[in-house]
Amino acid sequence: MPGLTTVAKKEFLDHISSRKFLLIFGTLLIVVLVSALQGAQTQQGEGAPPTFLSLSQTLTLLRQMVTNISLVGGILAIALSFDAINREKTIGSLKILLSYPIHRDAVINGKFLGGLAVMVLVAITTFMVGIGAFVGVTGIPITVDSALRLITFLGMSIVYLTLFLGIGLLLSIMLSEPSTSLLGSVIVWLTSTSLLPNIGWAIASSVYPPRLTEFSEASGQKFSTFGPPPEFDQLNSIISGISPSYSFETAANSILQTSKLEFGGFGPPVEVTISLEQALMTALPYIVYLIAILVTIFSVCYVRFMREEIR
Amino acid sequence: MSTIIDVRNLTKRYGELVAVDHVSYQICQGEIFGLLGHNGAGKTTTIMMLVGLIAPTEGTAEVAGYDIKKEPLEARSSIGLLPENAGYYDNLTAKQNLKYYADLARVPQKIAEKRIDDLLDLVGLKNWKDTDVGKYSRGMKQRLGIAQSLIRDPKILIFDEPTMGIDPEGTKAIRELMKDLSKVQSKTVILCTHLLHEARQLCDRVAIMRWGKLIALDTIPNLAKKVNASEEATLEDIFLRFYEVM
C-alpha cells in the first residue's frame, strides 16, 4: 500500500525521539526494575524450602510488574496516540498529507503500525529489564514452562498496550482538540484501572455481603468461616471484567501462577501445580475479550477516519 | 491549449447548506486560473473536492484525464497543494519535512535529494534547511509550503492564499515563481486569493463564486466589459459590480 511504510516509519521515529515517550518509558523502566527487585528480595527473604513459597511459585512475584505495566504502560500508550490525528488537523498538516497520492487508510494504518512497533519495543525492553533483574538477583533458572508463561505474558502485555494505543487513536479521530482527547483518554484510563474494579467490588459487596459460611469435612467435622460468599467473586469478575486493565491483570496473574496452596481441614496445605494449559484456559476469556475490544476499537477508528471530510 | 481540469456540475451539500452549487468550468494547461469570492463562497470546498479531501455530493471533475471519484489517486498524483493555514512537522527540519513528502510521492531517492536542495534554494530557505520548522516564522513556513507543493513536480498547482503572511520581498518572489511555473514550465496554477490586485496581476482568467455558485468566469478585460466597467477599473470594482448584479 503506497505510503503505509513511510507513515509508519515516521510515526515510529517521532515517538521514540519524543520527550514525552522518553519520560514515561523511563518511568516505566524504573518502576518495573524496582518491582522486579522487590519481588526478587521477597523470594530471597523467604529462604530455602520448606516454606509455603516453592520455586514454582516465583513467577507470581512478578505480580507487581503486571500492575505497573497495567498502570504506567497504559499511560504511555495513551500519551503516544491521544493526538495522532487531531494534532495533524490542528496544525494543518493532514490536508497536505492526504493530498498526496496515497490511500487514506495508509495514514490510519501507518499511524497504528508505528505505534504498535513502539509498544512491541516497550514491552520487550521492559521485560528484558524486569525479568533480567529478577533472574539476575534470585539466580532462578528459567525453565521451558516459565519461559512459555513469560512469552505469553509478553504477548498479552503487547495486546493490552496496543489497546490503549487504539483508545487514544480513536479519541484523536472523534474529538477535534488534542486537549479534549487527552482528557478523554485519561478518563478512560482511570475508569479502566480504578473506577470499574472499585464499582465491581462495591456492587458485589452490597449484593453479596460477607457472611458466616458453614461446611463440613468428610470426617463429619464442621467448620465455619466468615467472608464473602462464592457468588461475590463471580459478580465482581463480571463487572470489573469490563475494565481492560482488570482483564489484563487477571489474565496475566493466571498465566504467571504456576501453583496454588490448598488447605484441607487441620492438615498442612498442599501445593497443587497449575499447568500452562490450565492457566491458559483460565486466562483465555480475558485474552479473547482484550483482543475483541482492540479489533472493535481499530475498526471504529478505521471507519470514522475513512469517512471523515477534511476541511 | 488543452484542458487539464474539467469540472462538471460539482456540488457539495452539508444538510440544507449548499457549499458548492453545480459548478462547471474547464482549466487549460499552463494557465493561471484565479478562484475569487468572499469567505464561504465555496472556493476552498471546490479545491478540496479536486484533491479528494471532500467527497462531492453531485457531479465530478477530471484532473489530468482522471476522474476524481473513480481514480482519485491518479488524479491526486498530478496536483501539488498549498492549502490555507498549512502546517508542517515542527520537530523536523525543512529538509526532513520535504523528504517525508518526497517519500509519500514515491520520488526516487537521488532525484528527491537534488530536488529538495533546489526547491529550498528557490524559496530562499537554503540557509535554514537544517533548522527545525518549529523555529520558523509564518512567512518561512509559507515558503516551505511552496517547496512542498512542488516536491512531486506536479502538472497542476493549487495555491490557497499563497502570499499570506509573507513580506513584500517574498510576495514578489512567489508571484514571479507562479508566473514562471505557468509560462516557462507550462504548469497550471489555480490561485485562490482575497487579494484582487494579485489576481489581476497574475491570472489569465478568473472565476468569481458567490454562495457556492459560479457567477462569472472570463478574462479580466472581458469581465470588465460584461459589467460595463471602464478599462481602468480595478478587479475590486469589477468584483463588486458582479456581486451587485447577481
# chains A, B, ... in the order shown; residues from 1 in each chain; ligands from 1
$ closest_atom_pairs --of "chain B" --to "chain A" --cutoff "8 Å" --atoms "only C-alpha atoms" --output "tab-separated table"
residue	atom	partner	partner_atom	distance
B:Thr45	CA	A:Arg311	CA	7.6
B:Met48	CA	A:Arg311	CA	7.4
B:Val51	CA	A:Ser99	CA	5.7
B:Gly52	CA	A:Ser99	CA	7.1
B:Leu53	CA	A:Ile310	CA	5.4
B:Ile54	CA	A:Glu309	CA	5.1
B:Ala55	CA	A:Glu309	CA	7.3
B:Pro72	CA	A:Pro101	CA	8.0
B:Leu73	CA	A:Pro101	CA	4.8
B:Glu74	CA	A:Pro101	CA	6.9
B:Arg76	CA	A:Pro101	CA	5.4
B:Ser77	CA	A:Pro101	CA	5.1
B:Ile79	CA	A:Ser99	CA	7.9
B:Gly80	CA	A:Ser99	CA	7.7
B:Leu81	CA	A:Ile96	CA	6.8
B:Leu82	CA	A:Ile96	CA	7.3
B:Pro83	CA	A:Ile96	CA	7.2
B:Asn85	CA	A:Gly92	CA	6.2
B:Ala86	CA	A:Gly92	CA	4.7
B:Gly87	CA	A:Gly92	CA	4.4
B:Tyr88	CA	A:Ser93	CA	5.5
B:Tyr89	CA	A:Ser93	CA	7.5
B:Tyr100	CA	A:Thr6	CA	7.3
B:Tyr101	CA	A:Leu97	CA	7.7
B:Asp103	CA	A:Thr6	CA	6.6
B:Leu104	CA	A:Gly3	CA	5.2
B:Ala105	CA	A:Tyr100	CA	6.3
$ write_last_selection --atoms "C-alpha atoms" --output "PDB file, in the first residue's frame"
ATOM      1  CA  THR B  45     -14.519  23.443  -0.783  1.00  0.00           C
ATOM      2  CA  MET B  48     -10.710  20.257  -1.515  1.00  0.00           C
ATOM      3  CA  VAL B  51      -7.780  16.853  -4.318  1.00  0.00           C
ATOM      4  CA  GLY B  52     -10.133  14.264  -2.823  1.00  0.00           C
ATOM      5  CA  LEU B  53     -10.292  15.597   0.739  1.00  0.00           C
ATOM      6  CA  ILE B  54     -14.024  16.191   0.444  1.00  0.00           C
ATOM      7  CA  ALA B  55     -16.380  13.904  -1.469  1.00  0.00           C
ATOM      8  CA  PRO B  72      -8.654   9.594  -7.027  1.00  0.00           C
ATOM      9  CA  LEU B  73      -5.035   8.500  -6.570  1.00  0.00           C
ATOM     10  CA  GLU B  74      -4.138   9.112 -10.204  1.00  0.00           C
ATOM     11  CA  ARG B  76      -4.162  13.488  -6.992  1.00  0.00           C
ATOM     12  CA  SER B  77      -0.748  12.499  -8.322  1.00  0.00           C
ATOM     13  CA  ILE B  79      -1.677  18.025  -8.110  1.00  0.00           C
ATOM     14  CA  GLY B  80       0.568  19.927  -5.739  1.00  0.00           C
ATOM     15  CA  LEU B  81      -1.443  21.591  -2.980  1.00  0.00           C
ATOM     16  CA  LEU B  82      -0.604  24.517  -0.757  1.00  0.00           C
ATOM     17  CA  PRO B  83      -3.665  24.846   1.462  1.00  0.00           C
ATOM     18  CA  ASN B  85      -3.058  27.690   7.025  1.00  0.00           C
ATOM     19  CA  ALA B  86      -0.829  24.802   6.036  1.00  0.00           C
ATOM     20  CA  GLY B  87       1.226  23.329   8.844  1.00  0.00           C
ATOM     21  CA  TYR B  88       4.326  21.212   8.975  1.00  0.00           C
ATOM     22  CA  TYR B  89       6.052  18.962  11.466  1.00  0.00           C
ATOM     23  CA  TYR B 100       8.850  12.802   4.067  1.00  0.00           C
ATOM     24  CA  TYR B 101       6.630  14.269   1.360  1.00  0.00           C
ATOM     25  CA  ASP B 103       8.790   9.562   0.065  1.00  0.00           C
ATOM     26  CA  LEU B 104       4.994   9.745   0.129  1.00  0.00           C
ATOM     27  CA  ALA B 105       5.022  10.816  -3.514  1.00  0.00           C
TER      28      ALA B 105
END
$ select_by_dssp --residues "region 241-280 of chain A" --states "strand (DSSP E or B)" --output "list in words"
Ser259, Lys260, Leu261, Glu262, Val270, Glu271, Val272 and Thr273 of chain A
$ write_last_selection --atoms "N, CA and C atoms" --output "compact mmCIF listing (two decimals), in the first residue's frame"
# COMPACT_ATOMS: atom_id res chain seq x y z
N SER A 259 1.36 -22.51 40.65
CA SER A 259 0.80 -23.46 41.62
C SER A 259 -0.04 -22.70 42.63
N LYS A 260 -0.84 -23.46 43.37
CA LYS A 260 -1.62 -22.81 44.44
C LYS A 260 -1.64 -23.75 45.65
N LEU A 261 -1.89 -23.16 46.80
CA LEU A 261 -1.92 -23.94 48.04
C LEU A 261 -3.36 -24.25 48.37
N GLU A 262 -3.61 -25.50 48.62
CA GLU A 262 -4.97 -25.88 49.00
C GLU A 262 -4.97 -26.32 50.45
N VAL A 270 -1.52 -28.15 50.87
CA VAL A 270 -0.92 -28.95 49.81
C VAL A 270 -0.73 -28.07 48.58
N GLU A 271 0.46 -28.15 48.00
CA GLU A 271 0.73 -27.34 46.82
C GLU A 271 0.26 -28.08 45.57
N VAL A 272 -0.63 -27.45 44.84
CA VAL A 272 -1.17 -28.06 43.62
C VAL A 272 -0.63 -27.30 42.41
N THR A 273 0.00 -28.03 41.50
CA THR A 273 0.58 -27.38 40.31
C THR A 273 -0.51 -26.98 39.32
$ residues_around --residues "region 140-150 of chain A" --least-positions-apart "4" --cutoff "12 Å" --atoms "only C-alpha atoms" --output "VMD selection string"
chain A and resid 40 43 to 44 54 to 60 62 65 to 66 123 to 124 127 to 128 130 to 136 154 to 157 251 to 259 273 to 280 283
$ write_last_selection --atoms "C-alpha atoms" --output "short mmCIF file (atom, residue, chain, number, x, y, z; two decimals), in the first residue's frame"
data_model
loop_
_atom_site.label_atom_id
_atom_site.label_comp_id
_atom_site.auth_asym_id
_atom_site.auth_seq_id
_atom_site.Cartn_x
_atom_site.Cartn_y
_atom_site.Cartn_z
CA ALA A 40 13.44 -10.98 43.97
CA GLN A 43 11.98 -14.62 47.21
CA GLN A 44 15.42 -14.46 48.81
CA SER A 54 8.17 -23.01 46.46
CA LEU A 55 10.38 -22.25 43.47
CA SER A 56 7.50 -22.98 41.11
CA GLN A 57 5.61 -20.07 42.61
CA THR A 58 8.28 -17.47 41.95
CA LEU A 59 6.60 -16.11 38.83
CA THR A 60 3.75 -14.84 40.97
CA LEU A 62 6.11 -10.58 39.20
CA MET A 65 5.25 -5.86 37.39
CA VAL A 66 1.84 -6.74 35.95
CA ALA A 123 7.13 -4.42 26.09
CA ILE A 124 10.27 -6.33 25.08
CA PHE A 127 10.52 -7.49 30.05
CA MET A 128 14.22 -7.82 29.47
CA GLY A 130 12.35 -6.66 34.69
CA ILE A 131 12.89 -10.38 34.18
CA GLY A 132 16.63 -9.88 33.77
CA ALA A 133 16.86 -8.13 37.15
CA PHE A 134 14.63 -10.72 38.79
CA VAL A 135 16.54 -13.71 37.46
CA GLY A 136 19.88 -11.98 37.98
CA LEU A 154 4.69 -10.52 26.95
CA GLY A 155 2.17 -11.12 24.16
CA MET A 156 -0.70 -10.16 26.45
CA SER A 157 1.13 -7.00 27.50
CA ALA A 251 -5.23 -12.97 32.80
CA ALA A 252 -1.57 -12.14 33.42
CA ASN A 253 -1.70 -13.26 37.04
CA SER A 254 -3.38 -16.51 35.97
CA ILE A 255 -0.62 -17.16 33.48
CA LEU A 256 2.11 -16.40 36.00
CA GLN A 257 0.60 -18.54 38.76
CA THR A 258 2.25 -21.91 38.48
CA SER A 259 0.80 -23.46 41.62
CA THR A 273 0.58 -27.38 40.31
CA ILE A 274 -1.26 -25.35 37.68
CA SER A 275 -0.14 -26.35 34.20
CA LEU A 276 0.31 -23.76 31.47
CA GLU A 277 -2.66 -25.30 29.69
CA GLN A 278 -4.86 -24.87 32.75
CA ALA A 279 -3.61 -21.32 33.25
CA LEU A 280 -4.34 -20.51 29.60
CA ALA A 283 -6.92 -16.58 31.09
#
$ select_by_dssp --residues "region 91-207 of chain A" --states "alpha helix (DSSP H)" --output "number ranges by chain"
A: 91, 93-98, 104-138, 144-174, 178-190, 196-207
$ closest_atom_pairs --of "region 11-98 of chain B" --to "region 121-130 of chain B" --cutoff "10 Å" --atoms "only C-alpha atoms" --output "tab-separated table"
residue	atom	partner	partner_atom	distance
B:Leu92	CA	B:Asp130	CA	8.6
B:Thr93	CA	B:Asp130	CA	5.2
B:Ala94	CA	B:Lys129	CA	5.1
B:Lys95	CA	B:Lys129	CA	5.4
B:Gln96	CA	B:Asp130	CA	8.1
B:Asn97	CA	B:Lys129	CA	9.8
B:Leu98	CA	B:Lys129	CA	9.8
$ closest_residue --among "B:Gly145, B:Pro221, B:Gly65, B:Gly40" --to "Ile158 (chain B)" --atoms "only C-alpha atoms"
B:Gly145
$ residues_around --residues "Val188 (chain A)" --least-positions-apart "3" --cutoff "10 Å" --atoms "only C-alpha atoms" --output "NGL selection string"
:A and (78 or 164 or 167-168 or 182-185 or 191-195 or 243)
$ residues_around --residues "region 26-30 of chain A" --least-positions-apart "3" --cutoff "12 Å" --atoms "only C-alpha atoms" --output "ChimeraX atom specification"
/A:16,19-23,33-37,65-77,122-131,133
$ write_last_selection --atoms "N, CA and C atoms" --output "compact mmCIF listing (two decimals), in the first residue's frame"
# COMPACT_ATOMS: atom_id res chain seq x y z
N ILE A 16 9.71 7.54 19.31
CA ILE A 16 10.88 7.16 20.14
C ILE A 16 11.83 8.34 20.38
N ARG A 19 10.10 13.63 23.76
CA ARG A 19 10.43 13.74 25.19
C ARG A 19 9.39 13.02 26.05
N LYS A 20 8.11 13.14 25.64
CA LYS A 20 7.07 12.51 26.47
C LYS A 20 7.27 10.99 26.51
N PHE A 21 7.70 10.42 25.36
CA PHE A 21 7.94 8.98 25.33
C PHE A 21 9.10 8.63 26.26
N LEU A 22 10.19 9.37 26.12
CA LEU A 22 11.38 9.06 26.92
C LEU A 22 11.09 9.20 28.41
N LEU A 23 10.30 10.20 28.75
CA LEU A 23 9.97 10.45 30.16
C LEU A 23 9.12 9.31 30.73
N LEU A 33 11.74 -2.15 37.13
CA LEU A 33 13.01 -2.61 37.71
C LEU A 33 12.89 -2.72 39.23
N VAL A 34 12.30 -1.69 39.84
CA VAL A 34 12.15 -1.69 41.31
C VAL A 34 11.23 -2.84 41.74
N SER A 35 10.11 -3.00 41.02
CA SER A 35 9.17 -4.06 41.43
C SER A 35 9.78 -5.43 41.23
N ALA A 36 10.57 -5.61 40.17
CA ALA A 36 11.22 -6.91 39.94
C ALA A 36 12.24 -7.18 41.05
N LEU A 37 12.97 -6.15 41.44
CA LEU A 37 13.96 -6.34 42.50
C LEU A 37 13.28 -6.61 43.84
N MET A 65 4.87 -6.27 38.76
CA MET A 65 5.25 -5.86 37.39
C MET A 65 4.01 -5.79 36.51
N VAL A 66 3.09 -6.73 36.71
CA VAL A 66 1.84 -6.74 35.95
C VAL A 66 1.07 -5.44 36.23
N THR A 67 0.98 -5.08 37.50
CA THR A 67 0.26 -3.86 37.88
C THR A 67 0.92 -2.63 37.27
N ASN A 68 2.25 -2.62 37.29
CA ASN A 68 2.96 -1.46 36.75
C ASN A 68 2.77 -1.32 35.25
N ILE A 69 2.80 -2.44 34.54
CA ILE A 69 2.56 -2.39 33.09
C ILE A 69 1.14 -1.90 32.84
N SER A 70 0.21 -2.40 33.66
CA SER A 70 -1.19 -2.01 33.51
C SER A 70 -1.36 -0.50 33.72
N LEU A 71 -0.70 0.04 34.74
CA LEU A 71 -0.88 1.46 35.05
C LEU A 71 -0.02 2.36 34.17
N VAL A 72 1.29 2.21 34.28
CA VAL A 72 2.20 3.13 33.57
C VAL A 72 2.20 2.84 32.07
N GLY A 73 2.14 1.56 31.70
CA GLY A 73 2.11 1.20 30.28
C GLY A 73 0.90 1.79 29.59
N GLY A 74 -0.25 1.75 30.29
CA GLY A 74 -1.47 2.32 29.73
C GLY A 74 -1.31 3.81 29.48
N ILE A 75 -0.73 4.50 30.43
CA ILE A 75 -0.49 5.95 30.29
C ILE A 75 0.45 6.23 29.12
N LEU A 76 1.48 5.40 28.99
CA LEU A 76 2.45 5.60 27.90
C LEU A 76 1.75 5.45 26.54
N ALA A 77 0.93 4.40 26.43
CA ALA A 77 0.23 4.16 25.16
C ALA A 77 -0.68 5.33 24.82
N VAL A 122 8.64 -1.32 23.62
CA VAL A 122 8.47 -1.02 25.05
C VAL A 122 8.31 -2.31 25.85
N ALA A 123 7.42 -3.18 25.35
CA ALA A 123 7.13 -4.42 26.09
C ALA A 123 8.39 -5.30 26.18
N ILE A 124 9.09 -5.45 25.07
CA ILE A 124 10.27 -6.33 25.08
C ILE A 124 11.36 -5.74 25.99
N THR A 125 11.60 -4.45 25.88
CA THR A 125 12.64 -3.82 26.71
C THR A 125 12.27 -3.93 28.19
N THR A 126 11.00 -3.65 28.49
CA THR A 126 10.55 -3.72 29.88
C THR A 126 10.73 -5.13 30.44
N PHE A 127 10.38 -6.09 29.61
CA PHE A 127 10.52 -7.49 30.05
C PHE A 127 11.98 -7.86 30.27
N MET A 128 12.81 -7.46 29.34
CA MET A 128 14.22 -7.82 29.47
C MET A 128 14.81 -7.21 30.74
N VAL A 129 14.42 -5.97 31.02
CA VAL A 129 14.93 -5.31 32.23
C VAL A 129 14.35 -5.97 33.48
N GLY A 130 13.02 -6.12 33.50
CA GLY A 130 12.35 -6.66 34.69
C GLY A 130 12.74 -8.10 34.97
N ILE A 131 12.59 -8.95 33.98
CA ILE A 131 12.89 -10.38 34.18
C ILE A 131 14.40 -10.57 34.39
N ALA A 133 16.50 -8.51 35.77
CA ALA A 133 16.86 -8.13 37.15
C ALA A 133 16.39 -9.21 38.12
$ atom_distance --atom1 "CA of Gly30 (chain B)" --atom2 "CA of Met49 (chain B)"
21.1 Å
$ residues_around --residues "Asp83 (chain A)" --least-positions-apart "2" --cutoff "10 Å" --atoms "only C-alpha atoms" --output "JSON, numbers by chain"
{"A": [78, 79, 80, 81, 85, 86, 87, 88, 89, 90, 168, 169, 170, 171, 172, 173, 175, 176, 177, 178, 179, 180, 181, 182]}
$ residues_around --residues "Ser206 (chain A)" --least-positions-apart "2" --cutoff "12 Å" --atoms "only C-alpha atoms" --output "mmCIF file with C-alpha atoms, in the first residue's frame"
data_model
loop_
_atom_site.group_PDB
_atom_site.id
_atom_site.type_symbol
_atom_site.label_atom_id
_atom_site.label_comp_id
_atom_site.auth_asym_id
_atom_site.auth_seq_id
_atom_site.Cartn_x
_atom_site.Cartn_y
_atom_site.Cartn_z
ATOM 1 C CA ILE A 199 -17.530 -0.328 41.222
ATOM 2 C CA GLY A 200 -17.409 -4.090 40.690
ATOM 3 C CA TRP A 201 -16.206 -4.643 44.233
ATOM 4 C CA ALA A 202 -18.747 -2.223 45.724
ATOM 5 C CA ILE A 203 -21.731 -3.718 43.865
ATOM 6 C CA ALA A 204 -20.655 -7.281 44.590
ATOM 7 C CA TYR A 208 -23.347 -10.461 48.463
ATOM 8 C CA PRO A 209 -22.137 -9.097 51.813
ATOM 9 C CA PRO A 210 -19.682 -11.156 53.915
ATOM 10 C CA ARG A 211 -21.392 -13.844 55.932
ATOM 11 C CA PRO A 228 -17.746 -13.095 51.080
ATOM 12 C CA PRO A 229 -19.710 -15.940 49.516
ATOM 13 C CA GLU A 231 -21.113 -15.501 44.287
ATOM 14 C CA PHE A 232 -19.240 -12.338 45.301
ATOM 15 C CA LEU A 235 -20.291 -10.827 40.234
ATOM 16 C CA ASN A 236 -17.135 -8.850 40.942
#
$ atom_distance --atom1 "CA of Glu31 (chain B)" --atom2 "CA of Asp167 (chain B)"
25.6 Å
$ atom_distance --atom1 "CA of Asp153 (chain B)" --atom2 "CA of Ala112 (chain B)"
10.3 Å
$ closest_residue --among "B:Glu62, B:Ile146, B:Leu50, B:Gln29" --to "Lys187 (chain B)" --atoms "only C-alpha atoms"
B:Gln29
$ decode --residues "region 217-246 of chain B" --atoms "N, CA and C atoms" --output "PDB file, in the first residue's frame"
ATOM      1  N   LEU B 217     -17.040  33.963 -15.111  1.00  0.00           N
ATOM      2  CA  LEU B 217     -15.797  33.284 -15.470  1.00  0.00           C
ATOM      3  C   LEU B 217     -15.309  33.820 -16.812  1.00  0.00           C
ATOM      4  N   ASP B 218     -14.177  34.480 -16.786  1.00  0.00           N
ATOM      5  CA  ASP B 218     -13.626  35.009 -18.043  1.00  0.00           C
ATOM      6  C   ASP B 218     -12.273  35.654 -17.766  1.00  0.00           C
ATOM      7  N   THR B 219     -11.728  36.255 -18.816  1.00  0.00           N
ATOM      8  CA  THR B 219     -10.517  37.054 -18.604  1.00  0.00           C
ATOM      9  C   THR B 219     -10.959  38.351 -17.919  1.00  0.00           C
ATOM     10  N   ILE B 220     -10.030  39.023 -17.289  1.00  0.00           N
ATOM     11  CA  ILE B 220     -10.419  40.234 -16.553  1.00  0.00           C
ATOM     12  C   ILE B 220     -10.961  41.333 -17.505  1.00  0.00           C
ATOM     13  N   PRO B 221     -10.333  41.585 -18.666  1.00  0.00           N
ATOM     14  CA  PRO B 221     -10.917  42.593 -19.578  1.00  0.00           C
ATOM     15  C   PRO B 221     -12.337  42.241 -20.006  1.00  0.00           C
ATOM     16  N   ASN B 222     -12.586  40.984 -20.289  1.00  0.00           N
ATOM     17  CA  ASN B 222     -13.938  40.580 -20.693  1.00  0.00           C
ATOM     18  C   ASN B 222     -14.943  40.741 -19.560  1.00  0.00           C
ATOM     19  N   LEU B 223     -14.493  40.439 -18.336  1.00  0.00           N
ATOM     20  CA  LEU B 223     -15.393  40.614 -17.184  1.00  0.00           C
ATOM     21  C   LEU B 223     -15.742  42.097 -17.016  1.00  0.00           C
ATOM     22  N   ALA B 224     -14.745  42.950 -17.260  1.00  0.00           N
ATOM     23  CA  ALA B 224     -14.978  44.401 -17.141  1.00  0.00           C
ATOM     24  C   ALA B 224     -16.039  44.840 -18.146  1.00  0.00           C
ATOM     25  N   LYS B 225     -15.940  44.300 -19.353  1.00  0.00           N
ATOM     26  CA  LYS B 225     -16.921  44.645 -20.382  1.00  0.00           C
ATOM     27  C   LYS B 225     -18.325  44.200 -19.965  1.00  0.00           C
ATOM     28  N   LYS B 226     -18.407  43.018 -19.376  1.00  0.00           N
ATOM     29  CA  LYS B 226     -19.721  42.466 -19.009  1.00  0.00           C
ATOM     30  C   LYS B 226     -20.457  43.345 -18.008  1.00  0.00           C
ATOM     31  N   VAL B 227     -19.712  44.028 -17.173  1.00  0.00           N
ATOM     32  CA  VAL B 227     -20.384  44.884 -16.180  1.00  0.00           C
ATOM     33  C   VAL B 227     -20.227  46.373 -16.523  1.00  0.00           C
ATOM     34  N   ASN B 228     -19.857  46.585 -17.770  1.00  0.00           N
ATOM     35  CA  ASN B 228     -19.705  47.960 -18.273  1.00  0.00           C
ATOM     36  C   ASN B 228     -18.725  48.795 -17.453  1.00  0.00           C
ATOM     37  N   ALA B 229     -17.683  48.152 -17.009  1.00  0.00           N
ATOM     38  CA  ALA B 229     -16.669  48.888 -16.243  1.00  0.00           C
ATOM     39  C   ALA B 229     -15.646  49.468 -17.203  1.00  0.00           C
ATOM     40  N   SER B 230     -15.020  50.542 -16.790  1.00  0.00           N
ATOM     41  CA  SER B 230     -14.019  51.147 -17.655  1.00  0.00           C
ATOM     42  C   SER B 230     -12.765  50.271 -17.686  1.00  0.00           C
ATOM     43  N   GLU B 231     -11.906  50.528 -18.657  1.00  0.00           N
ATOM     44  CA  GLU B 231     -10.681  49.720 -18.773  1.00  0.00           C
ATOM     45  C   GLU B 231      -9.766  49.900 -17.576  1.00  0.00           C
ATOM     46  N   GLU B 232      -9.907  51.088 -16.950  1.00  0.00           N
ATOM     47  CA  GLU B 232      -9.047  51.363 -15.794  1.00  0.00           C
ATOM     48  C   GLU B 232      -9.613  50.749 -14.500  1.00  0.00           C
ATOM     49  N   ALA B 233     -10.815  50.207 -14.589  1.00  0.00           N
ATOM     50  CA  ALA B 233     -11.455  49.689 -13.368  1.00  0.00           C
ATOM     51  C   ALA B 233     -10.591  48.593 -12.736  1.00  0.00           C
ATOM     52  N   THR B 234     -10.545  48.639 -11.434  1.00  0.00           N
ATOM     53  CA  THR B 234      -9.782  47.598 -10.735  1.00  0.00           C
ATOM     54  C   THR B 234     -10.620  46.319 -10.691  1.00  0.00           C
ATOM     55  N   LEU B 235      -9.944  45.234 -10.401  1.00  0.00           N
ATOM     56  CA  LEU B 235     -10.684  43.966 -10.277  1.00  0.00           C
ATOM     57  C   LEU B 235     -11.668  44.044  -9.111  1.00  0.00           C
ATOM     58  N   GLU B 236     -11.308  44.858  -8.126  1.00  0.00           N
ATOM     59  CA  GLU B 236     -12.198  45.045  -6.979  1.00  0.00           C
ATOM     60  C   GLU B 236     -13.533  45.661  -7.429  1.00  0.00           C
ATOM     61  N   ASP B 237     -13.423  46.669  -8.319  1.00  0.00           N
ATOM     62  CA  ASP B 237     -14.646  47.293  -8.835  1.00  0.00           C
ATOM     63  C   ASP B 237     -15.477  46.258  -9.603  1.00  0.00           C
ATOM     64  N   ILE B 238     -14.776  45.520 -10.444  1.00  0.00           N
ATOM     65  CA  ILE B 238     -15.469  44.516 -11.279  1.00  0.00           C
ATOM     66  C   ILE B 238     -16.139  43.474 -10.381  1.00  0.00           C
ATOM     67  N   PHE B 239     -15.384  43.032  -9.422  1.00  0.00           N
ATOM     68  CA  PHE B 239     -15.853  42.014  -8.478  1.00  0.00           C
ATOM     69  C   PHE B 239     -17.118  42.496  -7.762  1.00  0.00           C
ATOM     70  N   LEU B 240     -17.086  43.736  -7.280  1.00  0.00           N
ATOM     71  CA  LEU B 240     -18.237  44.271  -6.545  1.00  0.00           C
ATOM     72  C   LEU B 240     -19.439  44.480  -7.464  1.00  0.00           C
ATOM     73  N   ARG B 241     -19.169  44.853  -8.711  1.00  0.00           N
ATOM     74  CA  ARG B 241     -20.274  45.020  -9.672  1.00  0.00           C
ATOM     75  C   ARG B 241     -20.992  43.680  -9.877  1.00  0.00           C
ATOM     76  N   PHE B 242     -20.188  42.632 -10.009  1.00  0.00           N
ATOM     77  CA  PHE B 242     -20.796  41.302 -10.189  1.00  0.00           C
ATOM     78  C   PHE B 242     -21.625  40.914  -8.977  1.00  0.00           C
ATOM     79  N   TYR B 243     -21.113  41.242  -7.805  1.00  0.00           N
ATOM     80  CA  TYR B 243     -21.842  40.918  -6.584  1.00  0.00           C
ATOM     81  C   TYR B 243     -23.151  41.702  -6.503  1.00  0.00           C
ATOM     82  N   GLU B 244     -23.135  42.957  -7.045  1.00  0.00           N
ATOM     83  CA  GLU B 244     -24.364  43.759  -7.033  1.00  0.00           C
ATOM     84  C   GLU B 244     -25.380  43.204  -8.029  1.00  0.00           C
ATOM     85  N   VAL B 245     -24.867  42.849  -9.213  1.00  0.00           N
ATOM     86  CA  VAL B 245     -25.740  42.381 -10.296  1.00  0.00           C
ATOM     87  C   VAL B 245     -26.349  41.016  -9.964  1.00  0.00           C
ATOM     88  N   MET B 246     -25.553  40.115  -9.448  1.00  0.00           N
ATOM     89  CA  MET B 246     -26.015  38.732  -9.263  1.00  0.00           C
ATOM     90  C   MET B 246     -26.834  38.558  -7.986  1.00  0.00           C
TER      91      MET B 246
END
